[in-house]
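As structure tokens, the structure follows; a few thoughts come after it.
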Amino acid sequence: MAMPVPEVDNSGMHVPESDRWIATDLDHLPANGLRYEVLNGQLIVNAAPKPRHQLVVKWLERALDSALPAGYFSIQGVGILIGDDEPIPDLIVGTGSIPLDDRGIPVGQIALAVEVVSRSTTLTDRMVKPALYSEAKIPNYWRIETSRFKGQLPGESVPVLFAFVLDDDGEYQLAHRAPAGAKVTLHSPFEFTVDPATLLP
């Protein structure tokens, strides 16, 4: 049976079949160095991240890998399958086996979603994605601020790690706020001790 030909506009760009994008639409977008996500039915396009951003992700993943209990995994830049949406956190921690050939990780496997804030993703990382993650019942959400930000406390150095835990009402509650130079031990999704200063060596 022949597969339907994806619809394209005059520029050659894929056009979704309805007024909402779905995760499978991403299969038809060009591999051009941009990051494509689907959030609440909307296509989100971001430029490739800068080295500061990637270093924080790299060093956090290394630190997490040294603390992962049996049955957990961490992985960068892979989508979470939430219905028809597919957000791509900077880093996720999940349980069970990684579906190596699937387009993403089912949300039921996700224990933690991490977003490292860039200037171009500030609103998405601070507001849109946490709302989507909490609605999908992802138990833990961490946000890491790597540059000066509104609400930064006097004398507080970046990176600053904000660790949120989902409460019984399905809302994220701030469990820890850890600036660079302050070693903190987190207890969810597992015990993990980190000084955010080590994420930008």
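Each chain in the structure tokens gets a letter, A, B and so on, in the order shown; residues start at 1 in every chain, and ligands are counted from 1 in the order they appear.
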If we count only C-alpha atoms and set the cut-off at 9 Å, which residues sit around Val107 of chain A, ignoring sequence neighbours fewer than 2 positions away in its own chain? Please answer as a ChimeraX atom specification.
/A:80-83,94,105,109-111,136-138
Applying 6 Å and only C-alpha atoms, which residues near segment 161-167 of chain A remain after dropping the ones on its own chain fewer than 4 positions away? List them as a PyMOL selection string.
chain A and resi 139-144+171-178
Suppose we keep N, CA, C and O atoms; can you now write the selection as a compact mmCIF listing (two decimals), in the first residue's frame?
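The resulting file, result_33.txt, is shown below:
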```txt
# COMPACT_ATOMS: atom_id res chain seq x y z
N PRO A 139 7.53 13.35 36.94
CA PRO A 139 7.68 13.63 38.38
C PRO A 139 8.65 14.74 38.73
O PRO A 139 8.48 15.40 39.76
N ASN A 140 9.68 14.94 37.90
CA ASN A 140 10.71 15.92 38.24
C ASN A 140 11.06 16.78 37.02
O ASN A 140 11.16 16.27 35.90
N TYR A 141 11.25 18.07 37.28
CA TYR A 141 11.65 19.02 36.24
C TYR A 141 12.74 19.91 36.83
O TYR A 141 12.56 20.47 37.91
N TRP A 142 13.88 19.97 36.15
CA TRP A 142 14.96 20.86 36.57
C TRP A 142 15.18 21.92 35.51
O TRP A 142 15.16 21.63 34.31
N ARG A 143 15.37 23.16 35.97
CA ARG A 143 15.71 24.27 35.07
C ARG A 143 17.05 24.83 35.51
O ARG A 143 17.27 25.05 36.71
N ILE A 144 17.93 25.05 34.56
CA ILE A 144 19.25 25.59 34.89
C ILE A 144 19.44 26.91 34.15
O ILE A 144 19.33 26.96 32.92
N GLU A 171 1.07 19.75 40.42
CA GLU A 171 1.77 21.01 40.21
C GLU A 171 3.22 20.86 40.66
O GLU A 171 3.52 20.14 41.62
N TYR A 172 4.12 21.56 39.97
CA TYR A 172 5.52 21.51 40.38
C TYR A 172 5.76 22.44 41.56
O TYR A 172 5.33 23.59 41.57
N GLN A 173 6.46 21.90 42.55
CA GLN A 173 6.86 22.68 43.71
C GLN A 173 8.39 22.75 43.74
O GLN A 173 9.06 21.74 43.51
N LEU A 174 8.92 23.94 44.02
CA LEU A 174 10.36 24.11 44.08
C LEU A 174 10.91 23.39 45.31
O LEU A 174 10.57 23.72 46.43
N ALA A 175 11.78 22.41 45.06
CA ALA A 175 12.38 21.66 46.15
C ALA A 175 13.75 22.22 46.53
O ALA A 175 14.11 22.22 47.71
N HIS A 176 14.50 22.68 45.53
CA HIS A 176 15.83 23.22 45.79
C HIS A 176 16.15 24.32 44.78
O HIS A 176 15.77 24.23 43.61
N ARG A 177 16.84 25.33 45.27
CA ARG A 177 17.42 26.38 44.42
C ARG A 177 18.90 26.43 44.78
O ARG A 177 19.26 26.78 45.90
N ALA A 178 19.76 26.05 43.83
CA ALA A 178 21.18 25.91 44.14
C ALA A 178 22.01 26.73 43.17
O ALA A 178 22.09 26.42 41.98
```
I want to know what sits within 10 Å of segment 188-200 of chain A, based on only C-alpha atoms, with residues of the same chain fewer than 2 positions away left out; could you give that as a ChimeraX atom specification?
/A:52-64,66-69,72,93-94,111-112,139-141,144,146,157-161,163-165,175,178-186
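Coordinates place atom CA of Asp27 of chain A at a distance of 11.6 Å from atom CA of Glu86 of chain A.
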Pull the helix (DSSP H, G or I) assignments for chain A out of DSSP run on the backbone, and list those residues as a ChimeraX atom specification.
/A:23-28,51-65,107-109,119-135,196-199
Contacts of Pro49 of chain A at 12 Å (only C-alpha atoms; same-chain gap of 2+ positions) as number ranges by chain
A: 33-35, 45-47, 51-57, 77, 90, 116-121
Based on DSSP run over this structure's backbone, return all residues of segment 3-162 of chain A in strand (DSSP E), as JSON, numbers by chain.
{"A": [35, 36, 37, 38, 39, 42, 43, 44, 45, 46, 72, 73, 74, 75, 76, 79, 80, 81, 91, 92, 93, 94, 95, 104, 105, 106, 110, 111, 112, 113, 114, 115, 116, 117, 140, 141, 142, 143, 144, 145, 160, 161, 162]}
From the list A:Gly170, A:Pro87, A:Pro154, A:Gly104, which residue is nearest Leu43 of chain A when using only C-alpha atoms?
A:Pro87
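Each of A:Glu135, A:Glu156, A:Pro89, A:Asp101 was checked against Ile75 of chain A using only C-alpha atoms; the smallest atom-to-atom distance is that of A:Pro89.
For the atom pair formed by atom CA of Ser97 of chain A and atom CA of Leu39 of chain A, the distance is 24.9 Å, given to one decimal.
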Which one is closest to Ala23 of chain A: A:Leu153, A:Val114, A:Ala70, A:Ile88? Count only C-alpha atoms.
A:Ile88
How many Å lie between atom CA of Asn32 of chain A and atom CA of Arg103 of chain A, rounded to one decimal?
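Straight-line distance from atom CA of Asn32 of chain A to atom CA of Arg103 of chain A works out to 17.7 Å.
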